[in-house]
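Peer 1: Quick one: this structure, given as structure tokens, is what I'll be asking you about.
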Amino acid sequence: MSTGVGPSLREPVVGRVLDGRYRVLEHIADGGMASVYLALDERLDREVAVKVMRRDLVADETFVSRFRREARSAARLSHPNVVAVHDQGEDHGDMFLVMEYVPGRTLRELVQAEGPLTPRAAIDLLDPVLQALDAAHSAGLIHRDVKPENVIVRSDGTVKVADFGLARAVTAATTTNTSGTMMGTVAYLSPEQVERGIADARSDVYAAGLMLFEVLTGRKAFDGDSPIHIAYQHVHGSVPVPSDLVPSVPSALDALVALGTARDPDQRPATAGDYLVELRRARRELGTNELDLRPAPVEREQAVATRTTVMPRPASGATSVIPVVPDDPQTSPDAAYDDSREGSHDAPYDPPYDPPYDGPDTPYDGADTPRRRWPAVLGALLVAALLVAGGAGWWFGSGPGAKVAVPKVSGLTQPAAEQSLRTAGLRSSVTPTYSETIASGTVVSTDPTGGREVAKGSAVALVVSRGPERYTAPPLVGTPAADVAAALERAHLKPSSANQVFSETVAAGIVVSQDPEAGTTLKPGDPVTVVVSKGREPLPVPDFTGKPLAQAKDGLAAAGLTTAEGPPVNSDTVPQGAVVSQSPKDGTLYRGDKVTLVASKGPVLVEVPKVVGKQRGVAAAALRAAGFQVSFNEVLGGFFGTVRGSDPAAGTMVPKGTTITLTIV
């Protein structure tokens with residue numbers, strides 16, 4: 001059982017039911033700010049992880065407000081590679097956070113158990129980590145404590161990142177600067193966090209690069225006896241090249257580690273999403289043999305042995321030892337921070353003076369006469385001169401004062417260039433760059449340039465080609481047009497002018513198509529054109545009133561509309577079979593919408609009554625009462641006024657209002 005935070009929380013918390021819902025079952029782990037427990041959510045009958053804040057921090061309102069605020073921020077993240085945050089609350093003075101319970105091993109435990117991993121396994125682990133960090137960065141959150149302990153690998157291989165956006169209490173694993181407390185574990189702090197106490201998305205990228213180094217080599221990039229020793233290395237040292245420790249690591253992954261862990265944050269990818277693009281690019285460049293090559297680590301000494309120079313001692317022929325400082329004393333934080341070392345290790349060995357023996361005939365009387373003193377002084381001067389000469393010879397011959405010419409390594413592969421510099425007694429750092437003409441892994445230039453003389457042990461910056469700079473067109477179809485510019489900016493591409501089209505299936509404002517297609521490899525700044533939906537097309541409704549029904553149906557179909565028929569009606573004005581009315585008659589509809597047509601049955605038909613034999617006035621009245629018009633054809637002046645015939649004849653069905661002609665005699 002660990003000491004410190006654990007016991008103070010474990011005894012009163014295990015067995016309790018927090019907030020009337022979460023029954024704490026057992027202790028899992030302790031951290032600088034809180035302890036984590038396995039609990040049962042009795043309302044949903046599921047296992048959860050509960051993080052309970054240290055009680056001494058609960059009294060600090062700054063930590064409490066930060067805990068609440070950042071817990072809410074973390075809860076906004078929804079991603080398959082992020083440990084989900086379910087709830088946050090307080091119970092009898094204990095602040096707690098409820099998270100998804102993820103059984104499995106941390107990345108730290110996996111690396112300790114399996115040692116250096118194959119490039120394929122390392123990439124497969126880092127890819128989902130970067131996906132999770134990219135989701136956080138897109139949501140405006142910075143993790144600030146990316147480390148193997150916060151990466152959990154389930155038994156089915158699923159990778160989860162924990163502790164998004166959570167505040168960290170200061171422990172032995174954190175450090176401070178002049179502006180206040182710096183959050184995060186010191187082994188994974190970026191230089192800007194160490195120097196200025198600031199962090200942004202590039203700080204998470206730096207820690208991710210260190211984790212990639214660790215899974216490739218099986219060890220931390222920076223280690224030491226104290227946090228300040230490690231922090232010093234972040235600011236003043238360079239991350240080692242993984243292939244120096246594990247020769248089987250491909251140069252593409254060496255370059256990827258160097259890119260993510262550049263000391264200058266401006267030289268790193270801006271976000272985890274950008275680093276993910278580079279990780280996947282490196283994967284595509286590697287063959288199956290390189291990806292699956294089992295690592296064969298090189299054992300290296302962890303401590304630097306003290307070198308010595310042996311010089312003859314003038315008087316006796318014995319030897320004296322002159323300690324030699326390391327090649328680069330600036331890389332030792334102990335030398336920089338431990339004032340007690342001053343004056344205790346740098347002075348060369350000065351052998352004690354042995355008085356010359358004059359022989360038995362010259363007894364020593366104890367008097368310090370000039371005759372006795374000058375041989376001693378002369379011997380001491382001779383020894384000092386030899387020491388100075390030897391020290392100067394070492395300093396300018398093989399020590400830090402020696403000058404060597406920088407080898408001309410431009411055009412060599414990175415490993416060959418680094419070996420050439422080591423042979424010349426120089427160190428190297430790598431800065432990756434893109435090149436359209438120089439193959440990936442080849443040195444483009446050096447600083448200082450080849451041929452210049454520099455102090456032995458100096459660092460030479462190698463600018464190494466990563467090959468042509470290419471980016472993959474992101475999938476934009478189905479995304480809102482408002483998000484296109486940001487997505488292309490993250491992919492280092494630019495949007496072209498967007499076209500708009502009507503679409504019956506895609507909502508207005510959503511991308512219908514893109515050119516080039518998603519997955520196409522492009523140069524930085526290449527344009528990508530998208531076509532954006534204007535929504536459904538409004539169609540004008542043509543008016544077919546009075547037109548034949550068949551003509552109306554064909555016309556509406558051609559306009560993209562469908563038709564329905566209402567019950568036909570009689571009409572005195574619209575011919576039979578023509579459209580009496582339509583609904584709607586005008587305006588606009590969408591494609592496939594329905595227009596209802598009503599056809600004419602023609603006018604109402606009435607039977608002509610029998611009026612032959614009746615007198616003129618009676619017959620005319622009967623016809624008008626039936627709805628007809630009446631005209632007369634008088635024979636011989638119609639003297640008798642009797643109807644002798646009608647046209648149309650009686651019993652004929654004719655439209656109402658038809659004129660009936662009566663023959664009168």
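Following the order of the structure tokens, first chain is A, next is B, and so on, with residues numbered from 1 inside each chain and ligands from 1 in the order they appear.
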For Pro609 (chain A), please output as an mmCIF file with N, CA, C and O atoms, in the first residue's frame all residues within 8 Å (counting only C-alpha atoms; exclusion window: fewer than 3 positions along the same chain).
Peer 2:
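Once everything was written out, this is part-v2.cif:
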data_model
loop_
_atom_site.group_PDB
_atom_site.id
_atom_site.type_symbol
_atom_site.label_atom_id
_atom_site.label_comp_id
_atom_site.auth_asym_id
_atom_site.auth_seq_id
_atom_site.Cartn_x
_atom_site.Cartn_y
_atom_site.Cartn_z
ATOM 1 N N ALA A 622 -93.336 26.403 -71.818
ATOM 2 C CA ALA A 622 -92.836 25.102 -71.341
ATOM 3 C C ALA A 622 -91.340 24.941 -71.630
ATOM 4 O O ALA A 622 -90.580 24.424 -70.807
ATOM 5 N N LEU A 623 -90.891 25.374 -72.799
ATOM 6 C CA LEU A 623 -89.460 25.253 -73.143
ATOM 7 C C LEU A 623 -88.587 26.157 -72.267
ATOM 8 O O LEU A 623 -87.518 25.771 -71.820
ATOM 9 N N ALA A 626 -87.989 24.734 -68.958
ATOM 10 C CA ALA A 626 -87.016 23.621 -68.954
ATOM 11 C C ALA A 626 -85.594 24.115 -69.130
ATOM 12 O O ALA A 626 -84.653 23.321 -69.137
ATOM 13 N N ALA A 650 -88.728 16.623 -79.758
ATOM 14 C CA ALA A 650 -89.064 16.263 -78.376
ATOM 15 C C ALA A 650 -88.372 14.958 -77.995
ATOM 16 O O ALA A 650 -88.255 14.039 -78.796
ATOM 17 N N GLY A 651 -87.889 14.873 -76.730
ATOM 18 C CA GLY A 651 -87.212 13.682 -76.214
ATOM 19 C C GLY A 651 -85.709 13.682 -76.420
ATOM 20 O O GLY A 651 -85.003 12.848 -75.876
#
Peer 1: Residues near Val454 (chain A), anyone? I mean within 8 Å using only C-alpha atoms, not counting same-chain ones fewer than 4 positions away, as an MDAnalysis selection string.
Peer 2: chainID A and resid 403:406 458
Peer 1: Just the selected residues (N, CA, C and O atoms), exported as a compact mmCIF listing (two decimals), in the first residue's frame, please.
Peer 2:
# COMPACT_ATOMS: atom_id res chain seq x y z
N LYS A 403 40.13 21.95 -32.02
CA LYS A 403 39.37 22.37 -33.18
C LYS A 403 39.34 21.25 -34.21
O LYS A 403 40.35 20.60 -34.46
N VAL A 404 38.16 21.03 -34.79
CA VAL A 404 38.03 20.03 -35.86
C VAL A 404 37.21 20.65 -36.98
O VAL A 404 36.42 21.56 -36.76
N ALA A 405 37.44 20.15 -38.19
CA ALA A 405 36.68 20.61 -39.35
C ALA A 405 35.38 19.82 -39.44
O ALA A 405 35.36 18.60 -39.27
N VAL A 406 34.29 20.53 -39.68
CA VAL A 406 32.99 19.86 -39.84
C VAL A 406 33.02 19.05 -41.13
O VAL A 406 33.29 19.60 -42.21
N SER A 458 31.38 20.07 -30.29
CA SER A 458 30.29 20.98 -30.63
C SER A 458 29.16 20.21 -31.30
O SER A 458 29.34 19.11 -31.84
Peer 1: Excluding same-chain residues fewer than 5 positions from region 89-100 of chain A, what lies within 10 Å of it counting only C-alpha atoms, as a VMD selection string?
Peer 2: chain A and resid 9 13 16 to 20 22 34 to 39 41 46 to 55 57 to 59 64 67 to 68 71 75 82 to 84 162 to 163
Peer 1: Can those selected residues be exported to a file as a short mmCIF file (atom, residue, chain, number, x, y, z; two decimals), in the first residue's frame so that it contains C-alpha atoms?
Peer 2:
data_model
loop_
_atom_site.label_atom_id
_atom_site.label_comp_id
_atom_site.auth_asym_id
_atom_site.auth_seq_id
_atom_site.Cartn_x
_atom_site.Cartn_y
_atom_site.Cartn_z
CA LEU A 9 -8.50 8.57 1.35
CA VAL A 13 -14.00 5.97 1.02
CA ARG A 16 -19.25 4.17 1.02
CA VAL A 17 -22.03 5.08 -1.41
CA LEU A 18 -21.17 8.47 -2.89
CA ASP A 19 -24.06 10.77 -3.75
CA GLY A 20 -26.47 7.91 -2.93
CA TYR A 22 -21.82 5.12 -6.52
CA ALA A 34 -6.56 12.31 -6.19
CA SER A 35 -7.04 8.59 -5.72
CA VAL A 36 -8.94 6.36 -8.10
CA TYR A 37 -11.40 3.67 -7.04
CA LEU A 38 -13.48 0.99 -8.70
CA ALA A 39 -17.16 1.63 -7.96
CA ASP A 41 -23.16 2.73 -10.33
CA ARG A 46 -22.39 -0.78 -14.22
CA GLU A 47 -18.81 -0.52 -13.04
CA VAL A 48 -17.25 2.94 -13.11
CA ALA A 49 -14.00 4.54 -12.02
CA VAL A 50 -14.32 7.23 -9.34
CA LYS A 51 -11.56 9.78 -8.80
CA VAL A 52 -11.71 11.39 -5.34
CA MET A 53 -9.77 14.62 -4.76
CA ARG A 54 -7.25 14.77 -1.93
CA ARG A 55 -8.90 16.21 1.17
CA LEU A 57 -6.95 20.21 -1.66
CA VAL A 58 -10.71 20.37 -1.08
CA ALA A 59 -10.10 23.28 1.29
CA VAL A 64 -12.10 23.01 -6.27
CA PHE A 67 -11.76 20.66 -10.64
CA ARG A 68 -15.39 21.50 -11.37
CA ALA A 71 -14.35 18.32 -15.27
CA ALA A 75 -17.11 15.80 -20.12
CA VAL A 82 -11.02 9.11 -24.68
CA VAL A 83 -11.97 7.82 -21.24
CA ALA A 84 -15.48 9.22 -20.90
CA ALA A 162 -7.41 9.46 -19.56
CA ASP A 163 -7.28 12.67 -17.50
#
Peer 1: Using only C-alpha atoms, determine which residues lie at most 12 Å from Thr472 (chain A), disregarding the query and same-chain residues fewer than 2 positions distant; provide the list as a PyMOL selection string.
Peer 2: chain A and resi 274+276-278+280-281+284+469-470+474-476+487-493+516-528
Peer 1: Find the spatial neighbours of region 102-119 of chain A, counting only C-alpha atoms, within a cut-off of 10 Å - ignore same-chain residues fewer than 5 positions away - and output them as a VMD selection string.
Peer 2: chain A and resid 47 to 49 83 to 84 124 to 125 147 to 162 211 to 219 246 248 to 250 253 283 286 288 to 297
Peer 1: If you run DSSP on this backbone, which residues of region 563-663 of chain A come out as strand (DSSP E or B), and could you give them as number ranges by chain?
Peer 2: A: 563-565, 569-570, 578-583, 588-590, 594-602, 605-607, 615, 629-634, 642-647, 653-655, 659-663
Peer 1: Please identify all polymer residues within 9 Å of region 435-440 of chain A, counting only C-alpha atoms, omitting same-chain residues fewer than 5 positions from it, and present them as an MDAnalysis selection string.
Peer 2: chainID A and resid 251:252 411 413 464:469
Peer 1: Output the selection as a CSV table (one decimal), in the first residue's frame - N, CA, C and O atoms for each residue.
Peer 2:
chain,number,residue,atom,x,y,z
A,251,SER,N,14.5,5.2,-40.3
A,251,SER,CA,14.8,6.6,-40.2
A,251,SER,C,13.6,7.5,-40.3
A,251,SER,O,13.6,8.6,-39.8
A,252,ALA,N,12.5,7.0,-40.9
A,252,ALA,CA,11.3,7.8,-41.0
A,252,ALA,C,10.7,8.0,-39.6
A,252,ALA,O,10.2,9.1,-39.3
A,411,GLY,N,24.0,15.4,-48.6
A,411,GLY,CA,23.8,14.4,-49.6
A,411,GLY,C,23.9,13.0,-49.1
A,411,GLY,O,23.5,12.0,-49.7
A,413,THR,N,23.0,9.9,-46.2
A,413,THR,CA,21.8,9.6,-45.4
A,413,THR,C,22.0,10.0,-44.0
A,413,THR,O,23.2,10.3,-43.6
A,464,VAL,N,17.5,17.5,-42.4
A,464,VAL,CA,17.3,16.2,-43.1
A,464,VAL,C,16.0,16.3,-43.8
A,464,VAL,O,15.0,16.7,-43.3
A,465,SER,N,16.1,15.8,-45.1
A,465,SER,CA,14.9,15.9,-45.9
A,465,SER,C,13.9,14.8,-45.5
A,465,SER,O,14.2,13.7,-45.1
A,466,ARG,N,12.6,15.2,-45.5
A,466,ARG,CA,11.5,14.3,-45.3
A,466,ARG,C,10.8,13.9,-46.6
A,466,ARG,O,9.8,13.3,-46.6
A,467,GLY,N,11.5,14.3,-47.7
A,467,GLY,CA,10.9,14.1,-49.0
A,467,GLY,C,9.9,15.2,-49.3
A,467,GLY,O,9.8,16.2,-48.6
A,468,PRO,N,9.2,15.0,-50.4
A,468,PRO,CA,8.2,16.1,-50.8
A,468,PRO,C,7.2,16.2,-49.7
A,468,PRO,O,6.7,15.3,-49.1
A,469,GLU,N,6.8,17.5,-49.5
A,469,GLU,CA,5.7,17.8,-48.5
A,469,GLU,C,4.4,17.5,-49.1
A,469,GLU,O,4.0,18.1,-50.1
